[in-house]
Amino acid sequence: MLAFIIRRISQAFFVVVAMVVLVFFGTYVIGDPVWMMVPGDATQEQIEAVRRDFGFDQPVYVQFFKFLGDVLHGEFGRSYVHGSSAINLILDRMPATLELALAALILAVLIGIPLGLFAGLKPDHPASRSIMAVSILGFSLPTFWVGLMLIMLFSVMLGWLPATGRGPVVSIFGLETSMLSLEGWRHLFLPAINLALLKISLVIRLTRSGAREAALQDYVKFARAKGLSQQRIVGVHILKNILIPIVTVLGLEFGSLVAFSVVTETIFAWPGMGKLLLEAIQRLDRPLIVAYVMVVVLLFVTINLIVDILYSALDPRVRLTGTQS
Amino acid sequence: MDKNSTIAYRQATTWRGVSFAVAAILAGTSPLALQAQELKIAMSSEPSSADPHYHNLTPNNQVVRHVFEPLVFQDEFQAIGPGLAANWKIIDDVTWEFKLRANVKFHDGSPLTVEDVIFSLNRVPNVPKSPAPKTAYVRGKTIEKVDDLTFRVKTAKPEALMLNHLANIEIMSAKAAATATTEDINAGKGNIGTGPYQFVEFVPGDRFVVKRNDAYWGQKQPWAKVTFKFIKSDPTRVAALLSGDVDVIETVPTADAQRLSKEPKVTVSSALSNRLVYLHMDRYRAETPFVKGKDGAQIKNPFHDLKVRQALTKAINRPAIIDRIMEGEAVPASQMLPDSYAGTSKKLKPTAYDLDGAKKLLAEAGFPNGFKLTIVGPNGRYTNDTKIIEAVAQMFTRAGIETAVETLPPAVFFSRASSGGPDKQPEFSMILAGWSAGTGEPSDSLKSLLGTYDTKLGRGSANRGRYSNPAMDAVLDKALATVDFDKRSAMLAEASEIAMNDIGLIPLHYQKNSWAAKKGLKVTARTDEYTLAMSVKP
């Protein structure tokens, strides 16, 4: 177990380094950030001064080694635009994004699993067919369009929910959350549903196929022959067995919920790190982009690790050893 | 009514009651009295800092203007008037004397003195790691204190734009901000100004909040609290207004401006902006890479011929672009700024659409069959930029110039258009770009866009066509050394005429700035694109 975790962490280290190198040179190739920083009426002299000040006049490899040196000293770079520590900017925004992703995940489970189970156990029921048809829509509709439609319907036409922003936050155990108040949930609901839509469809399909398969297994037949109630068969025997793939997929998907909340955050003006990233890319704020990528890679690695450990808890046949990858 | 139907009825009413209650909870009940006190403004781009001297950028200047004030103010037409300085006089060509208002207090209660002015002007060039410092506004200026409220500014050479420069420098408290870094100021430490509002908080990526300064020296403000929310996405900003999340939005998307003005809950106000959208042509190479003959062979650079330039400007149907693409949110342009501004020429009129005339001029210039051209522009930097280039390309093609379009992300575009070619010269043959005249007069535009490229003199810094006209340079230099306002304005008008008659660039249109607000609010539209709470009256 310990060897497994150490192995994973050392792998993660190489992934982070590789990503940082890629992103660093990638953003360098895109263009010269100085043009996104200075005002339109800046003189050549001002532009050169800013370039010197930020070291853009140096060759790219010099800039890169300087950056590496700073990282070794624990300094991950300052945002060109904001002037403050890039990592701190991202960590400040992270609770909002995690909260949104968590809410989306909860919705995906709460809506996806019951509907999927129903569709899996009664595959010929007309309701099952419509559940499956709607889940196709969930897969295929673009997030930004659904987001705008949600705003249009629930905020502009019905006026039930606010269109933008995050509700009031309270701090518990040092973490800020808006999930503890009604006003917070009113702000959270639309973006969370928007972000969860794809995952709901995914969970429905996974649960359905798992349930259909499990329903034909010998242990289910045996349970039925034993005279166990339908409730117990579904709730204990089927559900427990189909949860393994769902937990794996959801775990991995949580990472993508965090990383790809960019679109939802932009549409709902949700003050998370995705919105910050988009701004950073448009302004070629390299330190901020690099820091974001580092944080997200670490997040993915951590989630994978947790999923692996959970997996072994749910399925006793799986053993974590140092030799298994 | 029998028993069963009574139960059914009861259930139905219960459900109706529940759903009503749910709807009521969802809709929430915000106290109306509070709403009138708080103003929420949605901004389309976000400030990078709360430090007034850190980043010379419109969204930054706009939010810090609530907390900090300059010595002179620009009104909604960018005309200059007294600010923290009550009055001033010109002693000689290089000496100006300013008198501060006597009753001005900072938010911490300390009075404004000349020391604060000296501190602020010295701070401007010394903000570390500033991405766009305001250094140019203070260069060559030295301050001499006369008494606590009077000071003199001496300049190295006659400085015509003294007041325009001072209008961009916010005065900070020497006592409170003496050791404050940009990060301190973002966090509220030393964020002490004289403005009508006091700083509350700045959350990057989310909001900027100020509250009313009850001890303000000027007109008392109607809003107890003002929140600026940063909502970049156009449809979301409009939805936020329609759903009541915010009271005012800036940069109304052109596609929605017409619809919103018919909306009963909303009022739209707009003003002609100081932003010009134009085409720049390669004027420094004998052969230019993005122009080819019809057979694909390299030909001489046609833009050196005045007739070709005249043909190009005549081939553009400006009213059509404004009508179809800008949805009416622009005005045809003839020079660097609309002629309501000082220093512009009343003689210059937008070139009328004349396709036959354009074809005839092209034939006279030796291009009866036209040539091939690629226009390059940014994608998403200016309102509808890509669509405008596409329309212009079609109009040129109709006149016989087979025109292709290439658009690039702004960061890539500006670095290539400015220095992507050999020897760090501009790369493209024809570009679309925009220019906003922050000073509220055309000298900066003329100097940067059309002045002969010269890094030492700081001339032609945005002259990506490398247009050069010594006659225009001479008049402009004279104007920039003339302190007298009327004389200078006449000279600037003359310089504009020289450059525009020679078609140094092809002006397309001036953008309009639009604001939309909840019915009942009155927004005074500003030409400088600033959205100020001071411009919003209940």
# chains A, B, ... in the order shown; residues from 1 in each chain; ligands from 1
>>> select_by_dssp(residues="segment 116-260 of chain A", states="helix (DSSP H, G or I)", output="MDAnalysis selection string")
chainID A and resid 116:121 126:140 143:157 182:215 218:225 230:259
>>> closest_atom_pairs(of="chain B", to="chain A", cutoff="6 Å", atoms="only C-alpha atoms", output="CSV")
residue,atom,partner,partner_atom,distance
B:Leu26,CA,A:Trp160,CA,5.4
B:Ala27,CA,A:Trp160,CA,4.3
B:Ser48,CA,A:His82,CA,5.0
B:Pro131,CA,A:Met37,CA,5.6
B:Ala132,CA,A:Val38,CA,4.8
B:Gly205,CA,A:Pro271,CA,5.7
B:Asp206,CA,A:Pro271,CA,5.2
B:Ile231,CA,A:Ala269,CA,5.6
B:Thr236,CA,A:Ile267,CA,5.9
B:Ala240,CA,A:Ala163,CA,5.5
B:Leu242,CA,A:Val156,CA,5.7
B:Ser243,CA,A:Val156,CA,4.5
B:Ala411,CA,A:Gly31,CA,5.5
B:Val412,CA,A:Gly31,CA,4.6
B:Ser415,CA,A:Asp32,CA,5.7
B:Thr455,CA,A:Gln44,CA,5.9
B:Gly458,CA,A:Thr43,CA,5.5
B:Ser461,CA,A:Thr43,CA,4.9
>>> atom_distance(atom1="atom CA of Phe56 of chain A", atom2="atom CA of Gly69 of chain A")
16.5 Å
>>> residues_around(residues="segment 93-109 of chain B", least_positions_apart="2", cutoff="7 Å", atoms="only C-alpha atoms", output="JSON, numbers by chain")
{"B": [84, 85, 86, 87, 88, 89, 90, 91, 111, 112, 149, 150, 151, 152, 153, 154, 155, 156, 157, 158, 159, 192, 193, 194, 198, 217, 483]}
>>> residues_around(residues="segment 178-183 of chain B", least_positions_apart="4", cutoff="8 Å", atoms="only C-alpha atoms", output="number ranges by chain")
A: 83-84; B: 49-51, 54, 119, 127, 173-174, 187, 189-190
>>> write_last_selection(atoms="C-alpha atoms", output="mmCIF file, in the first residue's frame")
data_model
loop_
_atom_site.group_PDB
_atom_site.id
_atom_site.type_symbol
_atom_site.label_atom_id
_atom_site.label_comp_id
_atom_site.auth_asym_id
_atom_site.auth_seq_id
_atom_site.Cartn_x
_atom_site.Cartn_y
_atom_site.Cartn_z
ATOM 1 C CA GLY A 83 1.100 41.120 -9.901
ATOM 2 C CA SER A 84 0.347 38.706 -7.071
ATOM 3 C CA SER B 49 -5.725 45.687 -9.519
ATOM 4 C CA ALA B 50 -7.101 48.272 -7.113
ATOM 5 C CA ASP B 51 -3.807 50.185 -7.184
ATOM 6 C CA TYR B 54 -0.329 49.834 -11.339
ATOM 7 C CA PHE B 119 4.053 61.791 -3.344
ATOM 8 C CA VAL B 127 5.411 50.885 -8.995
ATOM 9 C CA SER B 173 -2.512 59.879 0.492
ATOM 10 C CA ALA B 174 1.191 60.336 1.262
ATOM 11 C CA ALA B 187 -6.155 44.116 0.154
ATOM 12 C CA LYS B 189 -4.210 48.684 3.128
ATOM 13 C CA GLY B 190 -3.355 52.264 2.172
#
>>> residues_around(residues="Thr248 of chain A", least_positions_apart="6", cutoff="12 Å", atoms="only C-alpha atoms", output="ChimeraX atom specification")
/A:203,206,242,254-255,303-312,314-315
